[in-house]
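Participant: One structure is given below, represented as structure tokens, and several questions about it will come after.
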Amino acid sequence: MKAMLCTAYGPPDSLTLTDVPSAPLGEHDLRIGVHAAGVNFPDLLIIQGLYQVKPDLPFAPGGEAAGVVLEVGPSVTGFTVGDRVLGMTRWNGFAEEAVVPAHRCVRIPAAVDLTVAAGISLTYGTCIHALVQRARLQPGETLLVHGAAGGIGTATIDIGQCLGAQIIATGGSDTKLRAVGRHYGVDALINYNTDAEWKDQVKALTEGRGADVICDPVGGDVFEKSLRCINWEGRLLVVGFTSGTIPKARANLVLLKGCSVVGVFWGAYADKDPDGNRANFAQLFSWLEEGRLRPLIARRFPLADAVEALKMIERREVVGKIILTTDRHAD
Ligand SMILES: NC(=O)c1ccc[n+]([C@@H]2O[C@H](COP(=O)([O-])OP(=O)(O)OC[C@H]3O[C@@H](n4cnc5c(N)ncnc54)[C@H](OP(=O)(O)O)[C@@H]3O)[C@@H](O)[C@H]2O)c1
């Protein structure tokens, strides 16, 4: 089978599409015939050796993949050959086959397209956990979404709207913000690159109160200013640091705002509370089937073009998600 292999840590150009033998199947694993895989910012980190976890070389990146079960480990219950599943692979998703522990897989309803499903594990799984379990977002609350054009940003807006929040979206490009605004019907759009005092706009949009919940995948200066436009008892979600700077929370502002700085680590949550994670995915799939969730897929590329897909993320060109498809996919 073919895999987009990383043999030495480096930039996207160091990946090569290679024929590799099928990986052995563990007792608790599923072998998935991959139809589609979502591309995410962490894939860019993992190939450079900059992610929290460094897989042994060689490996394929790819934290999420959707397809059909080809083989079931002897101790696995609840799955059979032929099931359509979404695998939270962590890596090895950019390949024609992926071996994934069964507890990191969920069944995909027949009505949901595999390319759509492939893009909702890492971002939507993280964001529903962030908004429901970590922030306890309430209908009518104001949700400020940073890096709104990215995978985490668009998923947060999508889920936030299903939960009844009022959205304010920020980003670094007017063009990308307009695209997000059009897709999700969001009018409150703020460019944090061109308006250094964007926190005042957040205050003005909330009649001086500030945002109730803030989702921050960017970090750096964006995080620090967020503590100046958060409402009393607000929740500031620490999701990631795409700016490259891990910020420090000023404890005096946390005290004065009576707010909480809340960590989000979806991968650990999925392992520690698999039932809660499964219930989150049941909710996501049910919203998808009802047409209430509207994932924004920017581009679809064949697996062989994974390098270009990763470069687009690196260049900050993507609005929403990129999906890779293999020859197994019929579309
Ligand atoms: N905590 C968790 O469990 C968890 C789970 C999944 C992902 N994450 C993390 O969440 C973060 C976002 O992931 P994503 O999939 O949303 O990434 P993405 O699709 O690439 O979007 C990231 C956004 O960050 C903004 N950004 C600001 N400064 C940037 C910079 N210097 N370089 C690149 N982008 C920059 C970009 O928006 P503008 O160009 O508009 O500024 C971009 O749209 C990553 O750090 C990822 O590792 C965390």
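Following the order of the structure tokens, first chain is A, next is B, and so on, with residues numbered from 1 inside each chain and ligands from 1 in the order they appear.
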What do you get as a PyMOL selection string if you pick all residues at most 8 Å from ligand 1, counting only C-alpha atoms and all ligand atoms?

Facilitator: chain A and resi 39-42+45+51+122-123+126-127+146-154+170-173+176-177+191-193+217-218+238-244+263-268+313-321

Participant: Could you find all residues in range 134-276 of chain A that DSSP calls strand (DSSP E or B) from the backbone, and write them as number ranges by chain?

Facilitator: A: 142-145, 166-171, 189-191, 211-216, 230-238, 260-263

Participant: Hey, what's within 9 Å of range 138-142 of chain A if we count only C-alpha atoms and toss same-chain stuff fewer than 2 positions away? As a ChimeraX atom specification, please?

Facilitator: /A:132,135-136,144,160-161,163-168,206,210-214

Participant: For the helix (DSSP H, G or I) assignment from backbone DSSP, which residues of range 60-118 of chain A qualify? Please present them as a PyMOL selection string.

Facilitator: chain A and resi 102-104+114-118

Participant: Under the rule that only C-alpha atoms are counted, which of A:Arg328, A:Lys203, A:Lys54, A:Arg31 is the nearest residue to Ile230 in chain A?

Facilitator: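 The shortest atom-to-atom distance to Ile230 in chain A comes from A:Lys203.
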
Participant: May I ask which of the residues A:Ala8, A:Ala279, A:Val76, A:Leu50 is the closest one to Leu25 in chain A, counting only C-alpha atoms?

Facilitator: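 Closest to Leu25 in chain A, using only C-alpha atoms: A:Val76.
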
Participant: Just the residues within 8 Å of Pro12 in chain A, please, counting only C-alpha atoms, with nothing from its chain fewer than 3 positions along; format it as a PyMOL selection string.

Facilitator: chain A and resi 15+44+47+307-308+310-311

Participant: Take the residues that were just selected and, keeping all heavy atoms, output them as a PDB file, in the first residue's frame.

Facilitator:
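The new file result.pdb reads:
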```
ATOM      1  N   LEU A  15       8.553  14.854   2.461  1.00  0.00           N
ATOM      2  CA  LEU A  15       7.669  13.674   2.413  1.00  0.00           C
ATOM      3  C   LEU A  15       7.708  13.050   1.014  1.00  0.00           C
ATOM      4  O   LEU A  15       7.783  13.766   0.018  1.00  0.00           O
ATOM      5  CB  LEU A  15       6.218  14.069   2.712  1.00  0.00           C
ATOM      6  CG  LEU A  15       5.923  14.701   4.076  1.00  0.00           C
ATOM      7  CD1 LEU A  15       4.442  15.070   4.154  1.00  0.00           C
ATOM      8  CD2 LEU A  15       6.287  13.750   5.205  1.00  0.00           C
ATOM      9  N   LEU A  44       1.669  19.433  10.175  1.00  0.00           N
ATOM     10  CA  LEU A  44       2.833  20.251   9.812  1.00  0.00           C
ATOM     11  C   LEU A  44       3.865  20.230  10.946  1.00  0.00           C
ATOM     12  O   LEU A  44       5.074  20.186  10.711  1.00  0.00           O
ATOM     13  CB  LEU A  44       2.324  21.685   9.601  1.00  0.00           C
ATOM     14  CG  LEU A  44       3.078  22.655   8.731  1.00  0.00           C
ATOM     15  CD1 LEU A  44       3.381  22.080   7.363  1.00  0.00           C
ATOM     16  CD2 LEU A  44       2.232  23.940   8.594  1.00  0.00           C
ATOM     17  N   ILE A  47       5.695  16.499  11.317  1.00  0.00           N
ATOM     18  CA  ILE A  47       6.744  16.117  10.349  1.00  0.00           C
ATOM     19  C   ILE A  47       8.041  16.879  10.614  1.00  0.00           C
ATOM     20  O   ILE A  47       9.107  16.491  10.162  1.00  0.00           O
ATOM     21  CB  ILE A  47       6.303  16.310   8.872  1.00  0.00           C
ATOM     22  CG1 ILE A  47       5.969  17.777   8.578  1.00  0.00           C
ATOM     23  CG2 ILE A  47       5.156  15.391   8.523  1.00  0.00           C
ATOM     24  CD1 ILE A  47       5.725  18.058   7.093  1.00  0.00           C
ATOM     25  N   VAL A 307       1.850  17.040  -0.088  1.00  0.00           N
ATOM     26  CA  VAL A 307       2.881  18.061   0.157  1.00  0.00           C
ATOM     27  C   VAL A 307       2.312  19.450  -0.125  1.00  0.00           C
ATOM     28  O   VAL A 307       2.464  20.378   0.673  1.00  0.00           O
ATOM     29  CB  VAL A 307       4.133  17.782  -0.710  1.00  0.00           C
ATOM     30  CG1 VAL A 307       5.095  18.957  -0.680  1.00  0.00           C
ATOM     31  CG2 VAL A 307       4.824  16.503  -0.235  1.00  0.00           C
ATOM     32  N   GLU A 308       1.609  19.592  -1.253  1.00  0.00           N
ATOM     33  CA  GLU A 308       1.027  20.897  -1.604  1.00  0.00           C
ATOM     34  C   GLU A 308      -0.043  21.291  -0.565  1.00  0.00           C
ATOM     35  O   GLU A 308      -0.143  22.461  -0.174  1.00  0.00           O
ATOM     36  CB  GLU A 308       0.433  20.849  -3.020  1.00  0.00           C
ATOM     37  CG  GLU A 308      -0.264  22.128  -3.467  1.00  0.00           C
ATOM     38  CD  GLU A 308       0.569  23.421  -3.314  1.00  0.00           C
ATOM     39  OE1 GLU A 308       1.805  23.331  -3.223  1.00  0.00           O
ATOM     40  OE2 GLU A 308      -0.036  24.519  -3.261  1.00  0.00           O
ATOM     41  N   LEU A 310      -0.111  20.550   2.613  1.00  0.00           N
ATOM     42  CA  LEU A 310       0.575  21.019   3.828  1.00  0.00           C
ATOM     43  C   LEU A 310       1.205  22.395   3.608  1.00  0.00           C
ATOM     44  O   LEU A 310       1.207  23.244   4.505  1.00  0.00           O
ATOM     45  CB  LEU A 310       1.639  20.007   4.260  1.00  0.00           C
ATOM     46  CG  LEU A 310       1.079  18.724   4.872  1.00  0.00           C
ATOM     47  CD1 LEU A 310       2.149  17.640   4.956  1.00  0.00           C
ATOM     48  CD2 LEU A 310       0.501  18.992   6.263  1.00  0.00           C
ATOM     49  N   LYS A 311       1.710  22.618   2.381  1.00  0.00           N
ATOM     50  CA  LYS A 311       2.307  23.938   2.094  1.00  0.00           C
ATOM     51  C   LYS A 311       1.238  25.034   2.130  1.00  0.00           C
ATOM     52  O   LYS A 311       1.511  26.162   2.536  1.00  0.00           O
ATOM     53  CB  LYS A 311       2.992  23.926   0.725  1.00  0.00           C
ATOM     54  CG  LYS A 311       4.330  23.208   0.724  1.00  0.00           C
ATOM     55  CD  LYS A 311       4.926  23.331  -0.652  1.00  0.00           C
ATOM     56  CE  LYS A 311       6.288  22.703  -0.722  1.00  0.00           C
ATOM     57  NZ  LYS A 311       6.802  22.714  -2.098  1.00  0.00           N
TER      58      LYS A 311
END
```

Participant: At a cut-off of 9 Å, using only C-alpha atoms, what residues contact Pro74 in chain A? Leave out same-chain residues fewer than 6 positions from it and give the result as a list in words.

Facilitator: Gly26, Glu27, His28 and Asp29 of chain A

Participant: Can you write out the residues you just picked, keeping C-alpha atoms, as a PDB file, in the first residue's frame?

Facilitator:
```pdb
ATOM      1  CA  GLY A  26      -2.810  -5.516  17.115  1.00  0.00           C
ATOM      2  CA  GLU A  27      -5.339  -7.370  19.242  1.00  0.00           C
ATOM      3  CA  HIS A  28      -7.407  -4.214  19.916  1.00  0.00           C
ATOM      4  CA  ASP A  29      -7.001  -2.579  16.479  1.00  0.00           C
TER       5      ASP A  29
END
```

Participant: For CA of Gly93 in chain A and CA of Asp216 in chain A, determine how far apart the two atoms are, in Å to one decimal place.

Facilitator: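 Rounded to one decimal, the two atoms are 25.9 Å apart.
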
Participant: Counting only C-alpha atoms, what is within 6 Å of Met4 in chain A, bar same-chain residues fewer than 3 positions away, as an MDAnalysis selection string?

Facilitator: chainID A and resid 16:17 60 94

Participant: Filtering to C-alpha atoms, could you give me those residues as a PDB file, in the first residue's frame?

Facilitator:
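So the final result, stored in again.pdb, reads:
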```
ATOM      1  CA  THR A  16       7.541  11.055  -0.358  1.00  0.00           C
ATOM      2  CA  LEU A  17       4.761   8.779  -1.583  1.00  0.00           C
ATOM      3  CA  ALA A  60       3.168   8.982   7.677  1.00  0.00           C
ATOM      4  CA  PHE A  94      -1.974   9.903   4.907  1.00  0.00           C
TER       5      PHE A  94
END
```

Participant: Counting only C-alpha atoms, what is within 9 Å of Arg209 in chain A, bar same-chain residues fewer than 5 positions away, as a list in words?

Facilitator: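 Everything that qualifies: Val202, Lys203, Ala204, Cys229, Ile230, Asn231 and Trp232 of chain A.
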
Participant: Print the selection's residues with N, CA, C and O atoms to a file, as a short mmCIF file (atom, residue, chain, number, x, y, z; two decimals), in the first residue's frame.

Facilitator:
```
data_model
loop_
_atom_site.label_atom_id
_atom_site.label_comp_id
_atom_site.auth_asym_id
_atom_site.auth_seq_id
_atom_site.Cartn_x
_atom_site.Cartn_y
_atom_site.Cartn_z
N VAL A 202 -14.27 44.35 20.26
CA VAL A 202 -15.01 43.27 20.95
C VAL A 202 -15.87 43.88 22.06
O VAL A 202 -17.05 43.55 22.23
N LYS A 203 -15.29 44.84 22.79
CA LYS A 203 -16.05 45.52 23.86
C LYS A 203 -17.25 46.24 23.27
O LYS A 203 -18.37 46.14 23.80
N ALA A 204 -17.02 46.95 22.14
CA ALA A 204 -18.12 47.74 21.55
C ALA A 204 -19.24 46.80 21.07
O ALA A 204 -20.42 47.11 21.24
N CYS A 229 -10.56 41.72 27.01
CA CYS A 229 -11.92 41.90 26.45
C CYS A 229 -12.77 40.68 26.76
O CYS A 229 -13.57 40.23 25.94
N ILE A 230 -12.58 40.12 27.96
CA ILE A 230 -13.38 38.95 28.38
C ILE A 230 -14.36 39.41 29.44
O ILE A 230 -14.05 40.29 30.26
N ASN A 231 -15.55 38.85 29.41
CA ASN A 231 -16.60 39.23 30.36
C ASN A 231 -16.30 38.67 31.76
O ASN A 231 -15.51 37.73 31.91
N TRP A 232 -16.94 39.24 32.75
CA TRP A 232 -16.93 38.69 34.12
C TRP A 232 -17.36 37.22 34.06
O TRP A 232 -18.32 36.89 33.36
#
```

Participant: Which one of A:Glu224, A:Glu207, A:Arg235, A:Glu290 sits closest to Arg134 in chain A if you count only C-alpha atoms?

Facilitator: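 With only C-alpha atoms as the atom set, the closest residue is A:Arg235.
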
Participant: Between A:Ile297, A:Met312, A:Ile32, A:Cys162, single out the one closest to Cys105 in chain A, counting only C-alpha atoms.

Facilitator: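 Once distances to Cys105 in chain A are computed over only C-alpha atoms, the minimum belongs to A:Ile32.
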
Participant: For Gly33 in chain A, which residue among A:Pro302, A:Val99, A:Trp287, A:Gly220 is the nearest when counting only C-alpha atoms?

Facilitator: A:Val99
